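S.K.: I am sharing run-v8.cif, which consists of mmCIF, C-alpha atoms:
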```cif
data_work
loop_
_atom_site.label_atom_id
_atom_site.label_comp_id
_atom_site.auth_asym_id
_atom_site.auth_seq_id
_atom_site.Cartn_x
_atom_site.Cartn_y
_atom_site.Cartn_z
CA MET U 9 -12.60 -18.58 12.67
CA ASP U 10 -15.28 -17.59 10.16
CA TYR U 11 -14.69 -20.63 7.94
CA VAL U 12 -16.09 -23.00 10.55
CA LYS U 13 -18.56 -20.64 12.21
CA GLY U 14 -21.73 -22.52 13.07
CA MET U 15 -20.26 -25.96 12.45
CA SER U 16 -20.16 -27.03 16.08
CA GLN U 17 -23.80 -25.98 16.46
CA ALA U 18 -24.76 -27.94 13.32
CA MET U 19 -22.95 -30.98 14.68
CA GLN U 20 -24.59 -30.53 18.10
CA GLN U 21 -28.01 -30.30 16.48
CA ALA U 22 -27.37 -33.49 14.50
CA ALA U 23 -26.32 -35.27 17.68
CA ALA U 24 -29.43 -34.00 19.48
CA ASP U 25 -31.76 -35.04 16.63
CA ASN U 26 -29.88 -38.31 16.14
CA THR U 27 -31.41 -39.04 12.74
CA ALA U 28 -29.87 -39.97 9.44
CA ALA U 29 -31.23 -36.78 7.88
CA ALA U 30 -29.74 -34.61 10.62
CA TYR U 31 -26.30 -36.19 10.26
CA SER U 32 -26.54 -35.97 6.48
CA ASN U 33 -27.33 -32.26 6.74
CA ALA U 34 -24.42 -31.78 9.13
CA ALA U 35 -22.13 -33.61 6.71
CA THR U 36 -23.26 -31.32 3.87
CA GLU U 37 -22.51 -28.24 5.97
CA LEU U 38 -19.13 -29.68 7.01
CA VAL U 39 -18.21 -30.22 3.35
CA LYS U 40 -19.10 -26.59 2.59
CA SER U 41 -16.96 -25.45 5.49
CA LYS U 42 -14.07 -27.63 4.37
CA ASP U 43 -14.32 -26.11 0.90
CA ARG U 44 -14.20 -22.60 2.40
CA VAL U 45 -11.07 -23.54 4.35
CA ARG U 46 -9.43 -24.96 1.21
CA GLN U 47 -10.27 -21.78 -0.67
CA ALA U 48 -8.77 -19.67 2.12
CA ILE U 49 -5.56 -21.70 2.01
CA GLU U 50 -5.40 -21.31 -1.76
CA GLN U 51 -6.02 -17.56 -1.56
CA ALA U 52 -3.35 -17.14 1.11
CA THR U 53 -0.73 -19.06 -0.85
CA ALA U 54 -1.62 -18.48 -4.52
CA SER U 55 0.92 -15.71 -5.11
CA ALA U 56 3.70 -17.75 -3.52
CA LEU U 57 2.74 -20.73 -5.66
CA ALA U 58 2.67 -18.58 -8.80
CA ALA U 59 6.25 -17.53 -8.05
CA ILE U 60 7.34 -21.16 -7.61
CA ILE U 61 5.97 -22.44 -10.91
CA PRO U 62 8.57 -20.64 -13.09
CA LYS U 63 11.33 -22.10 -10.94
CA LEU U 64 9.98 -25.57 -11.63
CA ASP U 65 9.60 -24.78 -15.33
CA HIS U 66 13.26 -23.74 -15.45
CA ASN U 67 14.46 -26.69 -13.34
CA GLN U 68 15.68 -24.46 -10.53
CA PRO U 69 15.96 -25.87 -7.02
CA LEU U 70 13.26 -25.04 -4.50
CA THR U 71 13.82 -23.87 -0.97
CA GLU U 72 12.29 -25.90 1.86
CA ALA U 73 9.64 -23.19 2.29
CA GLU U 74 8.77 -23.42 -1.41
CA LYS U 75 8.57 -27.20 -1.20
CA GLN U 76 6.14 -26.82 1.70
CA ILE U 77 3.89 -24.56 -0.42
CA VAL U 78 3.92 -27.11 -3.26
CA LYS U 79 3.21 -29.90 -0.79
CA LEU U 80 0.36 -27.89 0.73
CA TRP U 81 -1.31 -27.54 -2.66
CA VAL U 82 -0.80 -31.12 -3.80
CA VAL U 83 -1.24 -33.22 -0.65
CA GLY U 84 -2.15 -30.73 2.08
CA ASP U 85 -5.63 -32.20 2.39
CA ALA U 86 -4.25 -35.68 3.03
CA GLU U 87 -1.58 -34.40 5.39
CA GLY U 88 -4.15 -32.49 7.45
CA TYR U 89 -6.34 -35.58 7.71
CA LEU U 90 -3.42 -37.80 8.74
CA GLU U 91 -2.39 -35.36 11.48
CA MET U 92 -5.82 -35.41 13.10
CA GLU U 93 -6.94 -38.98 12.56
CA ASN U 94 -6.63 -40.94 15.79
CA SER U 95 -8.80 -44.00 15.19
CA TYR U 96 -6.51 -46.12 13.04
CA ASN U 97 -5.35 -48.39 15.88
CA ASP U 98 -8.97 -48.87 16.95
CA TRP U 99 -9.84 -49.79 13.36
CA LEU U 100 -7.03 -52.34 13.31
CA GLN U 101 -8.39 -53.98 16.44
CA GLU U 102 -11.95 -53.93 15.14
CA TYR U 103 -10.83 -55.34 11.79
CA GLN U 104 -9.10 -58.22 13.58
CA ARG U 105 -12.17 -58.86 15.73
CA LEU U 106 -14.44 -58.88 12.70
CA LYS U 107 -12.06 -61.18 10.82
CA ASP U 108 -12.25 -63.61 13.73
CA VAL U 109 -16.06 -63.43 13.82
CA ILE U 110 -16.21 -64.08 10.07
CA ALA U 111 -13.79 -67.00 10.41
CA GLY U 112 -16.06 -68.48 13.08
CA CYS U 113 -19.04 -68.20 10.78
CA GLU U 114 -17.38 -70.05 7.92
CA THR U 115 -18.35 -73.42 9.41
CA GLN U 116 -21.92 -72.49 10.34
CA ALA U 117 -24.83 -74.10 8.52
CA GLY U 118 -26.31 -70.80 7.36
CA SER U 119 -29.64 -70.56 9.14
CA ILE U 120 -31.65 -67.38 8.57
CA ASP U 121 -30.54 -65.99 11.94
CA GLU U 122 -26.89 -66.77 11.14
CA LEU U 123 -27.23 -65.15 7.71
CA VAL U 124 -28.72 -62.00 9.23
CA GLU U 125 -25.90 -61.87 11.79
CA ILE U 126 -23.13 -62.38 9.23
CA HIS U 127 -24.73 -59.81 6.95
CA GLY U 128 -24.39 -57.23 9.74
CA VAL U 129 -20.82 -58.30 10.49
CA LEU U 130 -19.90 -58.01 6.82
CA GLU U 131 -21.41 -54.52 6.61
CA ASP U 132 -19.39 -53.47 9.65
CA ALA U 133 -16.22 -55.03 8.20
CA ILE U 134 -16.77 -53.19 4.91
CA LYS U 135 -17.00 -49.85 6.71
CA VAL U 136 -13.91 -50.50 8.83
CA ALA U 137 -11.91 -51.71 5.82
CA ASP U 138 -13.00 -48.66 3.84
CA ALA U 139 -11.94 -46.28 6.63
CA MET U 140 -8.56 -48.02 6.86
CA ALA U 141 -8.13 -47.92 3.08
CA HIS U 142 -8.89 -44.17 3.03
CA TYR U 143 -6.37 -43.49 5.79
CA LEU U 144 -3.65 -45.62 4.19
CA ASP U 145 -4.33 -44.18 0.74
CA ASP U 146 -3.75 -40.67 2.09
CA LYS U 147 -0.65 -41.82 3.97
CA GLU U 148 0.80 -43.47 0.86
CA ARG U 149 -0.10 -40.43 -1.27
CA VAL U 150 1.80 -38.09 1.08
CA THR U 151 4.79 -40.44 1.19
CA ARG U 152 4.93 -40.78 -2.60
CA PHE U 153 4.73 -37.03 -3.04
CA GLU U 154 7.42 -36.36 -0.41
CA ASN U 155 9.70 -38.85 -2.17
CA ALA U 156 9.04 -37.22 -5.54
CA LEU U 157 9.60 -33.75 -4.11
CA ASN U 158 12.95 -34.82 -2.67
CA ASN U 159 14.08 -36.35 -5.98
CA LEU U 160 13.14 -33.69 -8.51
CA ASN U 161 14.62 -33.65 -12.00
CA ALA U 162 13.84 -31.59 -15.10
CA GLU U 163 11.06 -33.93 -16.23
CA SER U 164 9.34 -34.15 -12.84
CA ASN U 165 9.72 -30.39 -12.33
CA LYS U 166 7.85 -29.76 -15.60
CA PHE U 167 5.17 -32.27 -14.64
CA ILE U 168 4.66 -30.72 -11.20
CA ALA U 169 4.67 -27.22 -12.71
CA ASN U 170 1.89 -28.25 -15.12
CA VAL U 171 -0.13 -29.83 -12.33
CA LEU U 172 0.25 -26.69 -10.22
CA LYS U 173 -0.69 -24.44 -13.15
CA SER U 174 -3.86 -26.44 -13.58
CA MET U 175 -4.63 -26.31 -9.88
CA LEU U 176 -3.97 -22.59 -9.71
CA ALA U 177 -6.19 -21.95 -12.73
CA SER U 178 -9.05 -23.93 -11.23
CA ALA U 179 -8.66 -22.48 -7.73
CA GLU U 180 -11.14 -19.87 -6.63
CA VAL U 181 -8.54 -17.22 -5.82
#
```
Could you show the structure in this file as structure tokens?
M.R.:
Amino acid sequence: MDYVKGMSQAMQQAAADNTAAAYSNAATELVKSKDRVRQAIEQATASALAAIIPKLDHNQPLTEAEKQIVKLWVVGDAEGYLEMENSYNDWLQEYQRLKDVIAGCETQAGSIDELVEIHGVLEDAIKVADAMAHYLDDKERVTRFENALNNLNAESNKFIANVLKSMLASAEV
């Protein structure tokens, strides 16, 4: 697939170099690749989406296939992430472990060594909590959108149509 061509080599090179700069460069290239994939999805579905917008404007019901196109444009990024993410249970365990470590430190005197240790634990806990928040935010976003899509009315149809018009206008199709 041309959209990800060279990405595995960039990731392999970052792993081989094992430096912050190498991983940062790989992340930059991965973002570019992700953007190319998004653009390809938009190009492949733009005409179908353009045909759906008038139906929403006129409060006409959507078929399941049309709902899937709308969903793809609005929350497809989150849905794709949720389907592939497999670390959430590990994060839950790590979060619990870190919570227990922090609880154990609450009664310590606060020597320099203890402060250095708790600083590292807190940094780790921040990163785990942030990863969990990102995952759950995407999960909640998909759920909210699915609920909205299954309970459309004239007002929500107009709102979604306007959102989609804006997205379509800003898409590189």
S.K.: Evaluating the PyMOL selection byres ((chain U and resi 90) around 12) on the displayed file yields which residues, as a list in words?
M.R.: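 Output of the PyMOL selection byres ((chain U and resi 90) around 12): Val83, Gly84, Asp85, Ala86, Glu87, Gly88, Tyr89, Glu91, Met92, Glu93, Asn94, Ser95, Tyr96, Met140, His142, Tyr143, Leu144, Asp145, Asp146, Lys147, Glu148, Arg149, Val150 and Thr151 of chain U.
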S.K.: Taking all atoms of stretch 128-144 of chain U that the file lists and extending 8 Å past them on each side, where is the centre of the axis-aligned box and how long are its edges? Answer in Å to one decimal, as AutoDock Vina command-line options.
M.R.:
```
--center_x -14.0 --center_y -50.9 --center_z 6.8 --size_x 36.7 --size_y 30.8 --size_z 23.5
```
S.K.: For a test of reading the model, state the distance in Å between atom CA of U:Gln47 and atom CA of U:Leu80, rounded to one decimal.
M.R.: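 Computed distance, atom CA of U:Gln47 to atom CA of U:Leu80, equals 12.3 Å.
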S.K.: Can you translate the PyMOL selection byres ((chain U and resi 162-166) around 9) into the concrete residues it hits in this file, as number ranges by chain?
M.R.: U: 61, 63-68, 156-157, 159-161, 167-171
S.K.: Between U:Glu114, U:Glu50, U:Glu102, U:Ala59, which one has atoms that come closest to U:Ala137, using only C-alpha atoms?
M.R.: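 Nearest candidate to U:Ala137 out of U:Glu114, U:Glu50, U:Glu102, U:Ala59: U:Glu102.
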S.K.: Might you pull out every residue within 10 Å of U:Ala56, with all atoms listed in the file counted and same-chain residues fewer than 6 positions away left off, and present them as a list in words?
M.R.: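 That gives Glu50, Ala73, Glu74, Ile77 and Val78 of chain U.
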S.K.: Residues of the last selection are to be written out with C-alpha atoms, as a short mmCIF file (atom, residue, chain, number, x, y, z; two decimals), in the coordinates of the input.
M.R.:
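Result file follows (again_30.cif):
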```
data_model
loop_
_atom_site.label_atom_id
_atom_site.label_comp_id
_atom_site.auth_asym_id
_atom_site.auth_seq_id
_atom_site.Cartn_x
_atom_site.Cartn_y
_atom_site.Cartn_z
CA GLU U 50 -5.40 -21.31 -1.76
CA ALA U 73 9.64 -23.19 2.29
CA GLU U 74 8.77 -23.42 -1.41
CA ILE U 77 3.89 -24.56 -0.42
CA VAL U 78 3.92 -27.11 -3.26
#
```
S.K.: Carefully work through the PyMOL selection byres ((chain U and resi 36-38) around 10) for this structure and note down the residues it includes, as a PDB file with C-alpha atoms, in the frame of the given file.
M.R.:
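Printed below is expr_28.pdb as written:
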```pdb
ATOM      1  CA  VAL U  12     -16.090 -23.000  10.550  1.00  0.00           C
ATOM      2  CA  GLY U  14     -21.730 -22.520  13.070  1.00  0.00           C
ATOM      3  CA  MET U  15     -20.260 -25.960  12.450  1.00  0.00           C
ATOM      4  CA  SER U  16     -20.160 -27.030  16.080  1.00  0.00           C
ATOM      5  CA  ALA U  18     -24.760 -27.940  13.320  1.00  0.00           C
ATOM      6  CA  MET U  19     -22.950 -30.980  14.680  1.00  0.00           C
ATOM      7  CA  ALA U  30     -29.740 -34.610  10.620  1.00  0.00           C
ATOM      8  CA  TYR U  31     -26.300 -36.190  10.260  1.00  0.00           C
ATOM      9  CA  SER U  32     -26.540 -35.970   6.480  1.00  0.00           C
ATOM     10  CA  ASN U  33     -27.330 -32.260   6.740  1.00  0.00           C
ATOM     11  CA  ALA U  34     -24.420 -31.780   9.130  1.00  0.00           C
ATOM     12  CA  ALA U  35     -22.130 -33.610   6.710  1.00  0.00           C
ATOM     13  CA  VAL U  39     -18.210 -30.220   3.350  1.00  0.00           C
ATOM     14  CA  LYS U  40     -19.100 -26.590   2.590  1.00  0.00           C
ATOM     15  CA  SER U  41     -16.960 -25.450   5.490  1.00  0.00           C
ATOM     16  CA  LYS U  42     -14.070 -27.630   4.370  1.00  0.00           C
ATOM     17  CA  ASP U  43     -14.320 -26.110   0.900  1.00  0.00           C
ATOM     18  CA  ARG U  44     -14.200 -22.600   2.400  1.00  0.00           C
TER      19      ARG U  44
END
```
S.K.: With distances taken over only C-alpha atoms, which of U:Asn158, U:Gln17, U:Gln116, U:Ser174 is nearest to U:Gln76?
M.R.: U:Asn158
S.K.: Quick one: of U:Met175, U:Val45, U:Glu122, U:Lys79, who's nearest to U:Met9, counting all atoms listed in the file?
M.R.: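 For U:Met9, the nearest of the candidates is U:Val45.
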S.K.: Taking the structure I provided as the source, export stretch 17-62 of chain U with N, CA and C atoms, as a tab-separated table (two decimals), in the first residue's frame.
M.R.:
```tsv
chain	number	residue	atom	x	y	z
U	17	GLN	N	10.32	0.64	7.45
U	17	GLN	CA	11.76	0.88	7.46
U	17	GLN	C	12.10	2.06	8.37
U	18	ALA	N	11.28	3.12	8.33
U	18	ALA	CA	11.52	4.27	9.21
U	18	ALA	C	11.42	3.86	10.67
U	19	MET	N	10.44	3.02	10.98
U	19	MET	CA	10.29	2.54	12.35
U	19	MET	C	11.46	1.64	12.74
U	20	GLN	N	11.90	0.80	11.81
U	20	GLN	CA	13.04	-0.09	12.08
U	20	GLN	C	14.30	0.72	12.33
U	21	GLN	N	14.48	1.77	11.54
U	21	GLN	CA	15.67	2.62	11.71
U	21	GLN	C	15.64	3.32	13.06
U	22	ALA	N	14.47	3.79	13.47
U	22	ALA	CA	14.35	4.43	14.78
U	22	ALA	C	14.68	3.44	15.89
U	23	ALA	N	14.18	2.22	15.75
U	23	ALA	CA	14.48	1.20	16.76
U	23	ALA	C	15.97	0.88	16.79
U	24	ALA	N	16.59	0.84	15.62
U	24	ALA	CA	18.03	0.55	15.56
U	24	ALA	C	18.85	1.69	16.17
U	25	ASP	N	18.47	2.94	15.85
U	25	ASP	CA	19.19	4.09	16.40
U	25	ASP	C	18.91	4.27	17.88
U	26	ASN	N	17.67	4.01	18.26
U	26	ASN	CA	17.24	4.08	19.66
U	26	ASN	C	17.59	5.41	20.31
U	27	THR	N	17.25	6.51	19.60
U	27	THR	CA	17.46	7.84	20.16
U	27	THR	C	16.13	8.60	20.10
U	28	ALA	N	16.04	9.61	20.92
U	28	ALA	CA	14.83	10.43	20.92
U	28	ALA	C	14.63	11.06	19.55
U	29	ALA	N	15.69	11.54	18.94
U	29	ALA	CA	15.58	12.18	17.62
U	29	ALA	C	15.09	11.19	16.57
U	30	ALA	N	15.58	9.97	16.62
U	30	ALA	CA	15.17	8.96	15.64
U	30	ALA	C	13.69	8.62	15.79
U	31	TYR	N	13.23	8.46	17.02
U	31	TYR	CA	11.81	8.17	17.24
U	31	TYR	C	10.95	9.38	16.90
U	32	SER	N	11.44	10.57	17.16
U	32	SER	CA	10.71	11.77	16.80
U	32	SER	C	10.57	11.87	15.28
U	33	ASN	N	11.63	11.59	14.56
U	33	ASN	CA	11.57	11.59	13.09
U	33	ASN	C	10.60	10.53	12.59
U	34	ALA	N	10.62	9.36	13.20
U	34	ALA	CA	9.69	8.29	12.80
U	34	ALA	C	8.26	8.74	13.06
U	35	ALA	N	8.03	9.38	14.19
U	35	ALA	CA	6.68	9.85	14.51
U	35	ALA	C	6.22	10.88	13.48
U	36	THR	N	7.09	11.77	13.07
U	36	THR	CA	6.75	12.76	12.04
U	36	THR	C	6.36	12.07	10.74
U	37	GLU	N	7.13	11.08	10.34
U	37	GLU	CA	6.82	10.35	9.10
U	37	GLU	C	5.52	9.55	9.24
U	38	LEU	N	5.27	9.01	10.42
U	38	LEU	CA	4.02	8.28	10.65
U	38	LEU	C	2.81	9.21	10.56
U	39	VAL	N	2.94	10.41	11.08
U	39	VAL	CA	1.85	11.39	10.98
U	39	VAL	C	1.58	11.72	9.52
U	40	LYS	N	2.62	11.92	8.74
U	40	LYS	CA	2.45	12.20	7.31
U	40	LYS	C	1.74	11.04	6.62
U	41	SER	N	2.12	9.84	6.95
U	41	SER	CA	1.48	8.66	6.37
U	41	SER	C	0.02	8.57	6.77
U	42	LYS	N	-0.25	8.83	8.04
U	42	LYS	CA	-1.64	8.82	8.52
U	42	LYS	C	-2.48	9.85	7.78
U	43	ASP	N	-1.91	11.01	7.54
U	43	ASP	CA	-2.62	12.05	6.79
U	43	ASP	C	-2.91	11.60	5.36
U	44	ARG	N	-1.95	10.92	4.74
U	44	ARG	CA	-2.18	10.39	3.37
U	44	ARG	C	-3.30	9.36	3.36
U	45	VAL	N	-3.35	8.52	4.38
U	45	VAL	CA	-4.42	7.52	4.48
U	45	VAL	C	-5.77	8.21	4.65
U	46	ARG	N	-5.83	9.21	5.54
U	46	ARG	CA	-7.07	9.96	5.74
U	46	ARG	C	-7.53	10.59	4.43
U	47	GLN	N	-6.60	11.20	3.71
U	47	GLN	CA	-6.94	11.82	2.43
U	47	GLN	C	-7.46	10.79	1.43
U	48	ALA	N	-6.87	9.61	1.42
U	48	ALA	CA	-7.33	8.56	0.51
U	48	ALA	C	-8.75	8.12	0.86
U	49	ILE	N	-9.03	8.00	2.14
U	49	ILE	CA	-10.39	7.65	2.58
U	49	ILE	C	-11.37	8.72	2.14
U	50	GLU	N	-10.99	9.97	2.35
U	50	GLU	CA	-11.87	11.08	1.97
U	50	GLU	C	-12.10	11.10	0.46
U	51	GLN	N	-11.05	10.90	-0.32
U	51	GLN	CA	-11.19	10.89	-1.77
U	51	GLN	C	-12.09	9.75	-2.23
U	52	ALA	N	-11.95	8.60	-1.60
U	52	ALA	CA	-12.73	7.43	-2.00
U	52	ALA	C	-14.21	7.55	-1.63
U	53	THR	N	-14.52	8.37	-0.65
U	53	THR	CA	-15.90	8.44	-0.16
U	53	THR	C	-16.55	9.81	-0.31
U	54	ALA	N	-15.84	10.78	-0.87
U	54	ALA	CA	-16.36	12.15	-0.96
U	54	ALA	C	-17.64	12.23	-1.78
U	55	SER	N	-17.71	11.54	-2.90
U	55	SER	CA	-18.92	11.63	-3.73
U	55	SER	C	-20.11	11.00	-3.02
U	56	ALA	N	-19.88	9.91	-2.32
U	56	ALA	CA	-20.98	9.28	-1.56
U	56	ALA	C	-21.44	10.22	-0.45
U	57	LEU	N	-20.49	10.87	0.21
U	57	LEU	CA	-20.86	11.81	1.27
U	57	LEU	C	-21.63	12.99	0.71
U	58	ALA	N	-21.19	13.49	-0.44
U	58	ALA	CA	-21.88	14.63	-1.06
U	58	ALA	C	-23.33	14.28	-1.39
U	59	ALA	N	-23.59	13.03	-1.72
U	59	ALA	CA	-24.96	12.60	-2.01
U	59	ALA	C	-25.80	12.43	-0.75
U	60	ILE	N	-25.16	12.21	0.38
U	60	ILE	CA	-25.85	12.02	1.65
U	60	ILE	C	-26.29	13.35	2.26
U	61	ILE	N	-25.48	14.37	2.08
U	61	ILE	CA	-25.75	15.66	2.71
U	61	ILE	C	-27.13	16.20	2.38
U	62	PRO	N	-27.59	16.18	1.10
U	62	PRO	CA	-28.94	16.67	0.82
U	62	PRO	C	-30.04	15.87	1.53
```
